[in-house]
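Scroll down for the structure; my scribbles are underneath it.
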Amino acid sequence: MPLSEDEVAHVAMLARLGLDDEEKHKLGAELDHILEHISALQRADISGIPETAQVGNLVNVWREDEPAPSLTEEKALANAPDTDGQYFRVGAIQE
């Protein structure tokens, strides 16, 4: 069942996407295609497949936590693109 233009506009608004009419049309077609795949998965007969919590063997790959000396300030900042001598300097993310 294809999505209506209003439904596509609503999804775009929820995702905070500013789309023009052409982009909404393209997104609607892509969403329809995704929903068709989901529908096919929902129709698959999985009654003979037992439930599993994990599909692979669980193996703990963590190493033991061993205390070690920290980097010095100089070493930590050595490859930074911009510092003020003590801290990393980064650009503002909000105006």
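Each chain in the structure tokens gets a letter, A, B and so on, in the order shown; residues start at 1 in every chain, and ligands are counted from 1 in the order they appear.
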Discussion item. DSSP on the backbone, alpha helix (DSSP H) only: what residues of segment 20-64 of chain A does that give? Format it as a list in words.
Written reply: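 Here are the alpha helix (DSSP H) residues of segment 20-64 of chain A: Asp21, Glu22, Glu23, Lys24, His25, Lys26, Leu27, Gly28, Ala29, Glu30, Leu31, Asp32, His33, Ile34, Leu35, Glu36, His37, Ile38, Ser39, Ala40, Leu41, Gln42 and Arg43 of chain A.
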Store the residues picked out above, limited to N, CA and C atoms, as a PDB file, in the first residue's frame.
```pdb
ATOM      1  N   ASP A  21       9.089  19.138  -3.219  1.00  0.00           N
ATOM      2  CA  ASP A  21       8.103  18.182  -3.740  1.00  0.00           C
ATOM      3  C   ASP A  21       8.762  17.012  -4.463  1.00  0.00           C
ATOM      4  N   GLU A  22       9.807  17.285  -5.239  1.00  0.00           N
ATOM      5  CA  GLU A  22      10.495  16.213  -5.970  1.00  0.00           C
ATOM      6  C   GLU A  22      11.165  15.236  -5.004  1.00  0.00           C
ATOM      7  N   GLU A  23      11.790  15.769  -3.959  1.00  0.00           N
ATOM      8  CA  GLU A  23      12.441  14.903  -2.965  1.00  0.00           C
ATOM      9  C   GLU A  23      11.414  14.088  -2.186  1.00  0.00           C
ATOM     10  N   LYS A  24      10.265  14.698  -1.881  1.00  0.00           N
ATOM     11  CA  LYS A  24       9.206  13.957  -1.183  1.00  0.00           C
ATOM     12  C   LYS A  24       8.695  12.810  -2.047  1.00  0.00           C
ATOM     13  N   HIS A  25       8.545  13.059  -3.353  1.00  0.00           N
ATOM     14  CA  HIS A  25       8.094  12.011  -4.272  1.00  0.00           C
ATOM     15  C   HIS A  25       9.116  10.869  -4.304  1.00  0.00           C
ATOM     16  N   LYS A  26      10.402  11.199  -4.403  1.00  0.00           N
ATOM     17  CA  LYS A  26      11.459  10.180  -4.435  1.00  0.00           C
ATOM     18  C   LYS A  26      11.508   9.415  -3.115  1.00  0.00           C
ATOM     19  N   LEU A  27      11.431  10.140  -1.981  1.00  0.00           N
ATOM     20  CA  LEU A  27      11.447   9.496  -0.675  1.00  0.00           C
ATOM     21  C   LEU A  27      10.240   8.578  -0.517  1.00  0.00           C
ATOM     22  N   GLY A  28       9.077   9.012  -0.999  1.00  0.00           N
ATOM     23  CA  GLY A  28       7.873   8.179  -0.916  1.00  0.00           C
ATOM     24  C   GLY A  28       8.057   6.870  -1.658  1.00  0.00           C
ATOM     25  N   ALA A  29       8.666   6.921  -2.844  1.00  0.00           N
ATOM     26  CA  ALA A  29       8.903   5.693  -3.612  1.00  0.00           C
ATOM     27  C   ALA A  29       9.881   4.786  -2.880  1.00  0.00           C
ATOM     28  N   GLU A  30      10.921   5.374  -2.289  1.00  0.00           N
ATOM     29  CA  GLU A  30      11.905   4.574  -1.550  1.00  0.00           C
ATOM     30  C   GLU A  30      11.283   3.950  -0.305  1.00  0.00           C
ATOM     31  N   LEU A  31      10.461   4.706   0.409  1.00  0.00           N
ATOM     32  CA  LEU A  31       9.784   4.158   1.588  1.00  0.00           C
ATOM     33  C   LEU A  31       8.816   3.044   1.202  1.00  0.00           C
ATOM     34  N   ASP A  32       8.104   3.201   0.093  1.00  0.00           N
ATOM     35  CA  ASP A  32       7.208   2.144  -0.385  1.00  0.00           C
ATOM     36  C   ASP A  32       7.995   0.864  -0.644  1.00  0.00           C
ATOM     37  N   HIS A  33       9.157   0.997  -1.260  1.00  0.00           N
ATOM     38  CA  HIS A  33      10.001  -0.160  -1.565  1.00  0.00           C
ATOM     39  C   HIS A  33      10.457  -0.848  -0.271  1.00  0.00           C
ATOM     40  N   ILE A  34      10.848  -0.068   0.722  1.00  0.00           N
ATOM     41  CA  ILE A  34      11.271  -0.619   2.018  1.00  0.00           C
ATOM     42  C   ILE A  34      10.101  -1.330   2.681  1.00  0.00           C
ATOM     43  N   LEU A  35       8.921  -0.719   2.651  1.00  0.00           N
ATOM     44  CA  LEU A  35       7.752  -1.337   3.280  1.00  0.00           C
ATOM     45  C   LEU A  35       7.341  -2.631   2.579  1.00  0.00           C
ATOM     46  N   GLU A  36       7.555  -2.722   1.269  1.00  0.00           N
ATOM     47  CA  GLU A  36       7.290  -3.976   0.557  1.00  0.00           C
ATOM     48  C   GLU A  36       8.195  -5.091   1.069  1.00  0.00           C
ATOM     49  N   HIS A  37       9.462  -4.781   1.293  1.00  0.00           N
ATOM     50  CA  HIS A  37      10.388  -5.785   1.830  1.00  0.00           C
ATOM     51  C   HIS A  37       9.976  -6.222   3.243  1.00  0.00           C
ATOM     52  N   ILE A  38       9.576  -5.269   4.052  1.00  0.00           N
ATOM     53  CA  ILE A  38       9.134  -5.603   5.409  1.00  0.00           C
ATOM     54  C   ILE A  38       7.894  -6.478   5.358  1.00  0.00           C
ATOM     55  N   SER A  39       6.989  -6.171   4.457  1.00  0.00           N
ATOM     56  CA  SER A  39       5.785  -6.977   4.300  1.00  0.00           C
ATOM     57  C   SER A  39       6.131  -8.407   3.900  1.00  0.00           C
ATOM     58  N   ALA A  40       7.111  -8.560   3.006  1.00  0.00           N
ATOM     59  CA  ALA A  40       7.533  -9.903   2.594  1.00  0.00           C
ATOM     60  C   ALA A  40       8.124 -10.656   3.776  1.00  0.00           C
ATOM     61  N   LEU A  41       8.879  -9.980   4.617  1.00  0.00           N
ATOM     62  CA  LEU A  41       9.443 -10.635   5.803  1.00  0.00           C
ATOM     63  C   LEU A  41       8.348 -11.052   6.775  1.00  0.00           C
ATOM     64  N   GLN A  42       7.313 -10.232   6.903  1.00  0.00           N
ATOM     65  CA  GLN A  42       6.217 -10.563   7.809  1.00  0.00           C
ATOM     66  C   GLN A  42       5.419 -11.771   7.311  1.00  0.00           C
ATOM     67  N   ARG A  43       5.393 -11.996   6.003  1.00  0.00           N
ATOM     68  CA  ARG A  43       4.648 -13.131   5.442  1.00  0.00           C
ATOM     69  C   ARG A  43       5.440 -14.431   5.499  1.00  0.00           C
TER      70      ARG A  43
END
```
Using only C-alpha atoms, which protein or nucleic acid residues come within 12 Å of Asp84 of chain A? Drop anything in the same chain fewer than 6 positions from it, and give the result as an mmCIF file with C-alpha atoms, in the first residue's frame.
```
data_model
loop_
_atom_site.group_PDB
_atom_site.id
_atom_site.type_symbol
_atom_site.label_atom_id
_atom_site.label_comp_id
_atom_site.auth_asym_id
_atom_site.auth_seq_id
_atom_site.Cartn_x
_atom_site.Cartn_y
_atom_site.Cartn_z
ATOM 1 C CA GLU A 73 49.288 16.404 28.368
ATOM 2 C CA GLU A 74 51.964 16.949 25.740
ATOM 3 C CA LEU A 77 47.821 16.972 22.410
ATOM 4 C CA ALA A 78 50.751 16.125 20.117
ATOM 5 C CA VAL A 90 37.333 22.544 18.289
#
```
Worksheet item: When you draw a straight line from atom CA of Ala15 of chain A to atom CA of Leu3 of chain A, how long is it in Å?
Response: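 Between these atoms lies a distance of 16.1 Å.
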